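> Quick one: this structure, given as structure tokens, is what I'll be asking you about.
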Amino acid sequence: MVGPQYDLVGNPLGAVRTTFEKAAAAAAAESGGRDPVAAFRSKDWGASEVFRSFLFDQGGIDKVPLLDASNLGLIKPNTLVRFRGMVQDMLGNEFYAGAFKDGSTWRTNKFTDFSPFAMPHPCDSHLWERHLFHCVPVPGQNSWTLESTPGPDLRQMSNCMSPEQREKRKRDGDDDVMDVSENGNGESSSSKKPKEDGIQISSNSAEMPATEAVPEMNGNDHHIPGSSFSCLVKIYDMPESQVKLNDVAEFIGVYTFDPELAAPNDNSDDIMFDLIEDVTAQLPPSKVPRLHCLLLRKLSSQDFLAKQPVEPLPSLLKGIRQSLLSHLTQLLGNDDLAAQCLLLHLLSRLRTRVDVVTVGRLSLNFTGFNRESASIFGNQLNTLIQRLVPYSQAIPLSIEYLNTTALQPRKDNKSGRLVTGVLQLPQGTHLTFDETIMQSGSLTSKGVENTVLLKNLMESLMVEYDFEYYKLEMATDVQMLTLSEGKSNILPSDLVVPFRPSTVPAVTATPEELESWRWYLATVRSLPQSNEPEILQTIQDEMVNAMREDRSLGCSELSRWLTMAQITASSFGEKSLSMEHWQMVKELERLRKQRIQ
Amino acid sequence: MASNDGGNSPNTVSSPDARPSSPLPATNSSPPQSARRAGGRRRRGSASPFASSPSLGGFETPPPPGRRTPSGAGASRQRQNWTGRFPPTPSTPMSTDDVPLSSEAGDEDTPETDGGGGVDATPVFVWGTNISVQDVNAAILRFLRHFRDPRDAGRVDPVMDEGKYMRAIHRILELEGGESLDVDAHDVFDHDPDLYGKMVRYPLEVLAIFDIVLMDLVARIEPLFEKHIQTRIYNLKSSICLRNLNPSDIEKMVSIKGMIIRCSSVIPELKEAVFRCLVCGFYSEPVMVDRGRVTEPHICQKEQCKASNSMTLVHNRCRFSDKQIIKLQETPDEIPEGGTPHTVSVVMHDKLVDAGKPGDRVEITGIYRAMSIRIGPSQRTVKSIFKTYIDCLHIKKTDKSRLHIEDSMDIDNTNASKSSEDHFVRDKIEKLKELSKLPDIYDRLTRSLAPNIWELDDVKRGLLCQLFGGNALRLPSGANFRGDINILLVGDPGTSKSQLLQYMHKLSPRGIYTSGRGSSAVGLTAYVAKDPETGETVLESGALVLSDKGVCCIDEFDKMSDNARSMLHEVMEQQTVSIAKAGIIASLNARTSVLACANPSESRYNPRLSVIDNIHLPPTLMSRFDLIYLILDKADEQTDRRLAKHIVSLHFENPEVVEHQVLDLPTLVAYISYARNIQPQLSDEAAEELTRGYVEMRKRGNSPGSRKKVITATARQIESLIRLSEALARMRFSEEVGVGDVREAFRLLEVAMQQSATDHATGTIDMDLIMTGVSASERQRRDNLVAAVRNLMMEKMQIGGPSMRMTELLEEVRKQSSMEVHLHDIRVALGTLMSEGSALIHGESVKRT
């Protein structure tokens, strides 16, 4: 109906307005002109339907540019953009005059920061609300995830940049340069294609700095305006609970930029300015783009895959499993046991949470590293993990790191914003801790807090956020791999495997292989499990027997065995656990125990 | 008069159903105008400005920034910007020197004509509504005059003839101090639901009338009373969650709960400006602030001068009122999972300034307001976004921010119980008290502690006692008796000791969890040490000092260095830590309960060795533990199977194993922290029981041949028993320690050491008799069986008579009992009887002694 006659990408607000006026007219006719638009409060009048069908049914999504730090200045305001990011902070609600009567027609301000028409001075208006989310690029996002979603080439679009914007950008020029260099992208941001940018990220995270540099990927303080790219997403018509903190989503909406909004605030000497003023004032529109979200979809690891979904047949999965396992084995210097454990670890995810007990996680601790082997194997391992999972981070665990880094996200009540910490992570992040660089030394109180935080994360997959007057625990699901000399007591992992390499790793993987492995990991992790009662009974008997043989077995060991067996079954593409998998796990455990002794 | 955003939007914004019969949906005048007009008419002729008009005018939300003041001068424009963000509010008090009321009040002879618009015959309506000002006026007057608290109904008192609020007004007049009249919204509702409805929906208008009526009333009683009395409404019938404030609440009276997170400094707000001519020095008449703006006189009013643009503001002759902005944030319990707390700004005036501090939990009654913000210099961008805030009418502190125990462990704060009473919300206490009255509260608490850990009921009971704690006592002589209960768990690996520790660590207010391995115990700083051989990293922390007034959980106690362990001696009895540093010996408080767990000396419990040998800790240290639990892992297929089943169900089934009658963690924490404020006293009977039991215990320990093999009772133990009994009394919220508590304390102590299972001759434990891992029902069954066997023996056997075979006994018991009994059970029961001394077993035969 409306779709074709509008350039939905170039002028999304036009479509919004048209649909609104139509709907308002219809409602007015129906209600007899009493108050036709009152019903549209926190409701859609058909605008998002138009976009939905255009984007998803007609494949229009490919025409929508992906907003990122590199093309921020190139995109024309009031056009349709996509933004992929993590909800870093929720800034509450904003009230705005959603609809007003201009003469005899109703107009809307939805999906925009200012009225496209001058609002007549005294007029009928309706106050509506929208939610504000502060979104940042996903911490630790790996470069391959960006490849799968190329937007249209923006360099052609650069000439449509509005002159005022150029001017504006010039004005903040100095700051911008600084920001960019902080981000590690030494050059001017506007000359960069998204792809290059991705590589920058990868090189940034690929480094496993032995001593000094701490990966700053998300160490950037998003709290300081302009220190990193972020986006203020305004979400309409949605119960707030639908989006949670640290969710990763793709927001499709109208990018707005208004130089008037960006005008520097000269009244800042007002004493109560900061108190009544809301937090958006700290996010200057020139640095933090506003996105009025029309549609959003949450992203899972499968959404980053380039391939079209394939039916996960066991035979297919088995083949990929074999190739991945052999690659892992070679990577780990022909240590087959370690490779098997690593595979299980990579496939683990939090299944359920019962009280304080978490089911399904499998954190792994490779022991027997020293500095040299950690740099050889660790780097290889990190590089591979980066290529396999959407988000990953390598954390060098040193005294200095513990003492200085802000791991804990903290609410700054002065600014009203959540200051991010390293542990503010999206679900499914992979963390690699390198404990080999840990030396003896004193921990400051911050260091102690950080160790407690890490330990808590390991044990219950919870991160405590500091809200100044109280702490709030947020559930996370992260996979944690620790490389250490001896068993790590700071990071007590579920599975401790002494690492025994026999060769030096020298393997490379083809892009096709990598792609299939990614698909494999994402698919297996989401495979549903269903088990027959018989097998459960058998396993119970097995457990009882095991306990009879070894009295030191406790709840945690048995629970871990079961987790491992379950993952093993999934890794073969099986939906149900069988004795065979149980035996494999027992054998694995036997070999592992042998090594420990 | 052009309308402004604030005045306009609320009326057009509110949903139609909120204003069903709105006759004037969108006129351009704003409500205060008409109300003021009404008032103004009545007050015509009064020389000084009408007292309430500034406050009425204040209802207007700020003028649109685009509007220019007539002067158009730079200065006034700036002021206008300033006022744009400082909307005057209804709660602004009137000036105290404005006394037209008293003089005019005399003219008014009947209360019916009182209030705005009384002179005019035509009814005056609140703008945009069908609410008649006169009606509201009369309703308020009726309410103030005639409302009687139903609770006062029974009392006969000469003053009682007057209503509750008349008395309050009189009181204010007498004291000359109060500047506000607190009005319970429930009272308004009870008296006149219609008025309540109007008040909540149109608070600005109704409250203004309320103030006028109140002042008139005061003026009639005491014509010389000069202070302004303000109405403060509180206790609305429904309070709203901060998160759910939405556009339809704008300009409504709302009540929200939250936590203050920030307070601004006190802001002086201009109420009345005085100008001085720079040319001649003439002082102008005070100029009232009208809707947040002051009009600067253009020319000097002095006849002789008439200089133009010469007037300047004289700050120290202006009048200011206090104002403060606070940020209110949602309380943690209102935040949905995966969300961050919302905040709202609250504007406080005058007396309310500094009424709350950051961290306080408060309930605020106020008016939710929105004002347009000025983003850019252009007009069009102004209107679409609104800032919201709440004009505070009343603030009530609800609760301390932490329910946790802060000072109750401190023996110096003996009156803590009184003050902490206020910390709890009333109904919460009621709920807890109700809980405490349940007959099975003890079992219920036991079940609620670490529900994931099976069995170990008696260990859990001991841990509960530790959480509740006994009374700390400081004698005038300076002698100190600790109230903290120390517990040591000794047990085989894999008996979930560590999980118990973890759980306790979570539950206790200032719990510290540390591993004995490498714990320096007393150091003030934490230290990471690396084991030179294994390369394992170990965290050393000054756990004991850190856990002052909490529970210090020490895992792997046996691996603790002797040096560190020796420090514990002092901590566990004197509750201080002495540190020698740079020639200064410092004594630091470490009022902590120690919960330690250790493996037996041979890493597994050796049943052939005595208990003492198995634990292998210096007796001096051991005696400082009130309870020492031997958690022995007895090969028992039944338990293994249950564990296996539990794990499997955890993984594969919907873990909706709803455990009934279990307190959730916050309730448990609240329950404990409340109970800790109770100081139970030993009753006489209980004291007697204590003495009796203690003497018996001594006897047993001193029986020949058992020396050094069993733990003998010492004077320390009687202290332990007192502490345990007190803790048990606290669990019932009882002020008195009963005999039952003492008995249970004895039982706990015995079970802890497996004394019922100990062979006193050798000091070893009969593994079949272990009680710790036994559930309550199982123990009940065993007790029954013991009783049955005892009865049977009484019947069938004589003291010193011929022995009986166990199988025979089994047959007999089976005949009598409905339960299924095995030979094994009989053996266990006989073991108990033997320790009681009423039976003797020789191989398969039993003798009565």
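Just so we're on the same page: first chain in the structure tokens is A, next is B, and so on; residues restart at 1 for each chain, and ligands are numbered from 1 in the order they show up.
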List as a ChimeraX atom specification the protein and nucleic acid residues near A:Asn545, meaning an atom at most 9 Å away when only C-alpha atoms are counted, but skip any in the same chain fewer than 5 places from it.
/A:540,550 /B:637,640
> Would you write out those residues with N, CA and C atoms, as a short mmCIF file (atom, residue, chain, number, x, y, z; two decimals), in the first residue's frame?

```cif
data_model
loop_
_atom_site.label_atom_id
_atom_site.label_comp_id
_atom_site.auth_asym_id
_atom_site.auth_seq_id
_atom_site.Cartn_x
_atom_site.Cartn_y
_atom_site.Cartn_z
N GLN A 540 21.77 -42.72 36.87
CA GLN A 540 21.73 -42.67 38.34
C GLN A 540 22.46 -43.86 38.94
N ASP A 550 34.57 -44.52 44.53
CA ASP A 550 35.40 -43.41 44.96
C ASP A 550 34.59 -42.52 45.89
N GLU B 637 24.03 -46.58 50.29
CA GLU B 637 23.51 -46.57 48.94
C GLU B 637 22.30 -45.65 48.82
N ASP B 640 23.41 -42.12 48.45
CA ASP B 640 24.05 -41.97 47.14
C ASP B 640 23.00 -41.87 46.06
#
```
> Would you list the contacts of A:Val81 as JSON, numbers by chain, taking every protein, DNA or RNA residue within 10 Å and counting only C-alpha atoms, but skipping same-chain residues closer than 5 positions in sequence?
{"A": [9, 10, 12, 61, 63, 64, 65, 66, 67, 68, 75, 76, 151, 251, 252, 253, 254, 255, 256, 291, 292, 293]}
> Emit the selected residues as a compact mmCIF listing (two decimals), in the first residue's frame, including C-alpha atoms.

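To be explicit, this is the file written out as result-v2.txt:
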```
# COMPACT_ATOMS: atom_id res chain seq x y z
CA VAL A 9 15.48 4.20 3.61
CA GLY A 10 15.95 7.79 2.60
CA PRO A 12 11.45 6.92 6.79
CA ILE A 61 17.40 -4.74 5.00
CA LYS A 63 19.88 -1.42 1.61
CA VAL A 64 19.99 -0.07 5.12
CA PRO A 65 23.44 1.14 6.14
CA LEU A 66 24.94 -0.17 9.32
CA LEU A 67 25.81 2.64 11.68
CA ASP A 68 29.25 2.48 13.24
CA ILE A 75 25.05 9.13 7.12
CA LYS A 76 22.41 11.67 6.40
CA GLY A 151 25.89 -2.45 4.58
CA PHE A 251 18.04 -1.74 16.09
CA ILE A 252 16.59 -0.48 12.87
CA GLY A 253 15.38 3.05 13.03
CA VAL A 254 15.67 6.66 12.12
CA TYR A 255 19.01 8.30 12.65
CA THR A 256 18.51 11.85 13.74
CA LEU A 291 18.40 6.32 16.83
CA HIS A 292 14.64 6.21 16.93
CA CYS A 293 13.99 2.57 16.81
```
> Using the chain letters and numbers from this document, which residues of stretch 210-406 of chain B does DSSP assign to helix (DSSP H, G or I), as an MDAnalysis selection string?
chainID B and resid 210:221 242:244 247:249 315:317 332:334 350:352
> Name the residues in contact with B:Val459 at a cut-off of 10 Å, using only C-alpha atoms, excluding same-chain residues fewer than 3 positions from it; report them as a PDB file with N, CA and C atoms, in the first residue's frame.

```pdb
ATOM      1  N   THR B 446      15.506 -24.627  59.591  1.00  0.00           N
ATOM      2  CA  THR B 446      16.528 -25.610  59.244  1.00  0.00           C
ATOM      3  C   THR B 446      16.425 -25.986  57.774  1.00  0.00           C
ATOM      4  N   GLU B 455      20.206 -33.698  53.791  1.00  0.00           N
ATOM      5  CA  GLU B 455      20.484 -34.222  55.122  1.00  0.00           C
ATOM      6  C   GLU B 455      21.205 -33.193  55.975  1.00  0.00           C
ATOM      7  N   LEU B 456      22.143 -33.663  56.754  1.00  0.00           N
ATOM      8  CA  LEU B 456      22.934 -32.791  57.617  1.00  0.00           C
ATOM      9  C   LEU B 456      22.058 -31.835  58.423  1.00  0.00           C
ATOM     10  N   GLY B 462      22.988 -26.312  63.895  1.00  0.00           N
ATOM     11  CA  GLY B 462      24.110 -25.656  64.556  1.00  0.00           C
ATOM     12  C   GLY B 462      24.477 -24.358  63.851  1.00  0.00           C
ATOM     13  N   LEU B 463      24.462 -24.422  62.516  1.00  0.00           N
ATOM     14  CA  LEU B 463      24.805 -23.225  61.763  1.00  0.00           C
ATOM     15  C   LEU B 463      23.763 -22.137  61.982  1.00  0.00           C
ATOM     16  N   LEU B 464      22.532 -22.554  62.099  1.00  0.00           N
ATOM     17  CA  LEU B 464      21.480 -21.577  62.396  1.00  0.00           C
ATOM     18  C   LEU B 464      21.775 -20.873  63.707  1.00  0.00           C
ATOM     19  N   CYS B 465      22.149 -21.689  64.706  1.00  0.00           N
ATOM     20  CA  CYS B 465      22.479 -21.104  65.995  1.00  0.00           C
ATOM     21  C   CYS B 465      23.591 -20.078  65.830  1.00  0.00           C
ATOM     22  N   ILE B 487      32.009 -22.612  65.103  1.00  0.00           N
ATOM     23  CA  ILE B 487      31.701 -23.980  64.697  1.00  0.00           C
ATOM     24  C   ILE B 487      32.831 -24.528  63.837  1.00  0.00           C
ATOM     25  N   LEU B 489      33.629 -27.747  61.324  1.00  0.00           N
ATOM     26  CA  LEU B 489      33.107 -28.913  60.625  1.00  0.00           C
ATOM     27  C   LEU B 489      34.293 -29.777  60.229  1.00  0.00           C
ATOM     28  N   LYS B 497      30.851 -29.774  52.702  1.00  0.00           N
ATOM     29  CA  LYS B 497      31.194 -28.804  53.742  1.00  0.00           C
ATOM     30  C   LYS B 497      31.398 -27.429  53.120  1.00  0.00           C
ATOM     31  N   LEU B 500      28.274 -25.622  52.293  1.00  0.00           N
ATOM     32  CA  LEU B 500      27.660 -25.057  53.490  1.00  0.00           C
ATOM     33  C   LEU B 500      28.337 -23.745  53.864  1.00  0.00           C
ATOM     34  N   LEU B 627      30.736 -25.813  68.770  1.00  0.00           N
ATOM     35  CA  LEU B 627      30.235 -27.059  68.205  1.00  0.00           C
ATOM     36  C   LEU B 627      31.286 -27.601  67.242  1.00  0.00           C
ATOM     37  N   ILE B 628      31.561 -28.852  67.363  1.00  0.00           N
ATOM     38  CA  ILE B 628      32.446 -29.486  66.404  1.00  0.00           C
ATOM     39  C   ILE B 628      31.655 -30.605  65.752  1.00  0.00           C
ATOM     40  N   TYR B 629      31.420 -30.452  64.485  1.00  0.00           N
ATOM     41  CA  TYR B 629      30.630 -31.470  63.805  1.00  0.00           C
ATOM     42  C   TYR B 629      31.531 -32.432  63.075  1.00  0.00           C
ATOM     43  N   LEU B 630      31.261 -33.678  63.276  1.00  0.00           N
ATOM     44  CA  LEU B 630      31.933 -34.696  62.479  1.00  0.00           C
ATOM     45  C   LEU B 630      30.964 -35.078  61.386  1.00  0.00           C
ATOM     46  N   ILE B 631      31.267 -34.657  60.196  1.00  0.00           N
ATOM     47  CA  ILE B 631      30.396 -35.033  59.096  1.00  0.00           C
ATOM     48  C   ILE B 631      31.054 -36.217  58.425  1.00  0.00           C
ATOM     49  N   LEU B 748      22.185 -30.789  70.568  1.00  0.00           N
ATOM     50  CA  LEU B 748      23.043 -30.335  69.466  1.00  0.00           C
ATOM     51  C   LEU B 748      24.507 -30.623  69.771  1.00  0.00           C
ATOM     52  N   VAL B 751      25.097 -34.395  69.516  1.00  0.00           N
ATOM     53  CA  VAL B 751      25.061 -34.876  68.145  1.00  0.00           C
ATOM     54  C   VAL B 751      26.319 -34.423  67.426  1.00  0.00           C
ATOM     55  N   ALA B 752      26.698 -33.192  67.718  1.00  0.00           N
ATOM     56  CA  ALA B 752      27.843 -32.637  67.027  1.00  0.00           C
ATOM     57  C   ALA B 752      29.044 -33.543  67.187  1.00  0.00           C
ATOM     58  N   THR B 772      24.649 -37.448  62.416  1.00  0.00           N
ATOM     59  CA  THR B 772      24.654 -36.137  61.771  1.00  0.00           C
ATOM     60  C   THR B 772      23.961 -36.137  60.430  1.00  0.00           C
ATOM     61  N   GLY B 773      24.217 -37.197  59.677  1.00  0.00           N
ATOM     62  CA  GLY B 773      23.660 -37.197  58.342  1.00  0.00           C
ATOM     63  C   GLY B 773      22.229 -37.660  58.280  1.00  0.00           C
TER      64      GLY B 773
END
```
> Using only C-alpha atoms, which protein or nucleic acid residues come within 10 Å of A:Thr367? Drop anything in the same chain fewer than 2 positions from it, and give the result as a list of chain:residue names.
A:Leu364, A:Asn365, A:Phe369, A:Asn370, A:Glu435, A:Thr436, A:Thr482, A:Leu483, A:Ser484, A:Glu485, A:Gly486, A:Lys487, A:Ser488, A:Val496, A:Val497, A:Pro498, A:Phe499, A:Arg500, A:Ile596, B:Thr534, B:Gly535, B:Glu536
> Would you pick out the contacts of A:Ile539 at 8 Å or less, using only C-alpha atoms, so that residues sharing its chain but fewer than 4 positions from it are not included, and give the list as a list in words?
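So the residues in contact are Ile535, Met543, Met579 and Trp582 of chain A; Val648 of chain B.
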